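Report on the structure given below.
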Amino acid sequence: MTADARLGRRRAYRKGHRGEWLAALALTLKGYRILARRFRTPLGEIDLIAKRGNLVAIVEVKARPTLEEAMNAVGPLAQRRIDAAADLWLARRRDHARLSLRYDLIAILPGRWPVHVENIYSA
């Protein structure tokens with residue numbers, strides 16, 4: 001890997017981290033409690049897992065120039081990956097039977113507060 005490629009990956013990683021931090025802040029201000037960040041499984045990764053009451057939001061964070069691009073970035077393959085990881089997370093919870101699960105998107109757009117799109121897709 002070239003030095004330029006390594007620098008690009010580092011920048012993308014930092015941008016993603018910053019976006020997830022901002023998304024977590026926005027959710028916290030809306031009354032959610034962040035249960036997990038970057039939850040990794042062999043089947044995939046979930047950016048944020050947040051809870052408010054009995055609702056668990058599985059949140060994908062996308063930093064894109066427009067909301068439309070952010071929404072289009074969560075395609076069928078990403079949805080399957082996120083859903084599989086969510087199933088594993090939920091299986092580890094003793095209270096899973098009384099929790100409602102929802103898939104959300106938080107779009108990090110230039111010069112704007114994060115946009116929270118609830119129920120981006122259903123599994």
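Every chain in the structure tokens takes a letter, A first, then B, and so on in the order presented; its residues are numbered from 1, and the ligands are numbered from 1 following the presented order.
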List as a tab-separated table (two decimals) with C-alpha atoms, in the first residue's frame the protein and nucleic acid residues near stretch 17-34 of chain A, meaning an atom at most 10 Å away when only C-alpha atoms are counted, but skip any in the same chain fewer than 2 places from it.
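This is the output file around-v1.tsv:
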```tsv
chain	number	residue	atom	x	y	z
A	11	ARG	CA	-8.56	10.39	6.82
A	12	ALA	CA	-11.62	8.28	6.03
A	13	TYR	CA	-11.33	6.50	9.38
A	14	ARG	CA	-11.14	9.83	11.26
A	15	LYS	CA	-14.06	11.23	9.26
A	36	ALA	CA	-22.87	0.23	21.64
A	37	ARG	CA	-20.60	1.90	19.11
A	38	ARG	CA	-19.04	0.03	16.21
A	47	ASP	CA	-22.27	1.84	13.74
A	48	LEU	CA	-24.50	2.68	16.73
A	49	ILE	CA	-27.03	0.87	18.86
A	50	ALA	CA	-29.27	3.25	20.79
A	51	LYS	CA	-32.21	2.69	23.12
A	52	ARG	CA	-35.15	4.81	24.21
A	53	GLY	CA	-37.72	3.01	26.33
A	55	LEU	CA	-37.19	0.76	21.35
A	56	VAL	CA	-33.76	-0.20	20.10
A	57	ALA	CA	-32.48	1.74	17.11
A	59	VAL	CA	-28.21	3.09	13.41
A	60	GLU	CA	-26.11	3.34	10.27
A	61	VAL	CA	-24.12	6.57	10.02
A	62	LYS	CA	-23.26	7.92	6.57
A	63	ALA	CA	-21.28	11.07	5.80
A	105	LEU	CA	-29.92	6.27	9.39
A	106	ILE	CA	-28.08	9.35	10.55
A	107	ALA	CA	-26.77	11.40	7.67
A	108	ILE	CA	-23.77	13.61	8.34
A	109	LEU	CA	-24.10	16.42	5.82
A	113	TRP	CA	-26.70	19.18	12.16
A	114	PRO	CA	-26.98	15.38	11.67
A	115	VAL	CA	-30.22	14.31	10.00
A	116	HIS	CA	-31.96	11.38	11.73
```
I need the strand (DSSP E) residues of chain A per DSSP on the backbone, written as a PyMOL selection string.
chain A and resi 33-41+44-52+55-63+100-108+115-121
Just the number, please: distance in Å from atom CA of A:Tyr103 to atom CA of A:Asn119, one decimal.
5.0 Å
List every residue of chain A that DSSP, applied to the backbone of this structure, assigns to alpha helix (DSSP H), and report them as a PyMOL selection string.
chain A and resi 3-29+67-72+76-91
Give me the residues within 12 Å of A:Trp89 as a compact mmCIF listing (two decimals) with C-alpha atoms, in the first residue's frame, counting only C-alpha atoms and dropping any in the same chain fewer than 2 places off.
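Output (out.txt):
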```txt
# COMPACT_ATOMS: atom_id res chain seq x y z
CA LEU A 35 -25.66 1.00 24.10
CA ALA A 36 -22.87 0.23 21.64
CA ARG A 38 -19.04 0.03 16.21
CA PHE A 39 -20.49 -3.30 17.32
CA ARG A 40 -18.52 -5.86 15.32
CA THR A 41 -19.49 -9.44 14.54
CA PRO A 42 -18.20 -11.94 11.97
CA LEU A 43 -21.33 -11.11 9.95
CA GLY A 44 -20.99 -7.33 9.94
CA GLU A 45 -20.75 -4.14 11.94
CA ILE A 46 -23.35 -1.79 13.40
CA LEU A 48 -24.50 2.68 16.73
CA ILE A 49 -27.03 0.87 18.86
CA VAL A 56 -33.76 -0.20 20.10
CA ALA A 57 -32.48 1.74 17.11
CA ILE A 58 -29.86 0.05 14.94
CA ILE A 82 -26.62 -4.88 9.42
CA ASP A 83 -29.63 -7.13 9.98
CA ALA A 84 -27.43 -10.19 10.59
CA ALA A 85 -25.29 -8.26 13.09
CA ALA A 86 -28.45 -6.94 14.81
CA ASP A 87 -29.77 -10.50 15.15
CA ALA A 91 -29.71 -12.85 20.75
CA ARG A 92 -27.25 -11.85 23.50
CA ARG A 93 -29.88 -9.78 25.32
CA ARG A 94 -31.96 -11.34 28.09
CA ASP A 95 -34.73 -8.79 27.55
CA HIS A 96 -34.92 -9.31 23.77
CA LEU A 101 -36.16 -3.05 16.83
```
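Nearest-residue note for A:Asn72: choosing from A:Gly16, A:Arg6, A:Tyr121, A:Arg112, the minimum distance belongs to A:Tyr121, counting only C-alpha atoms.
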Between atom CA of A:Ile120 and atom CA of A:Gln79, what distance in Å does the model show, to one decimal?
9.8 Å
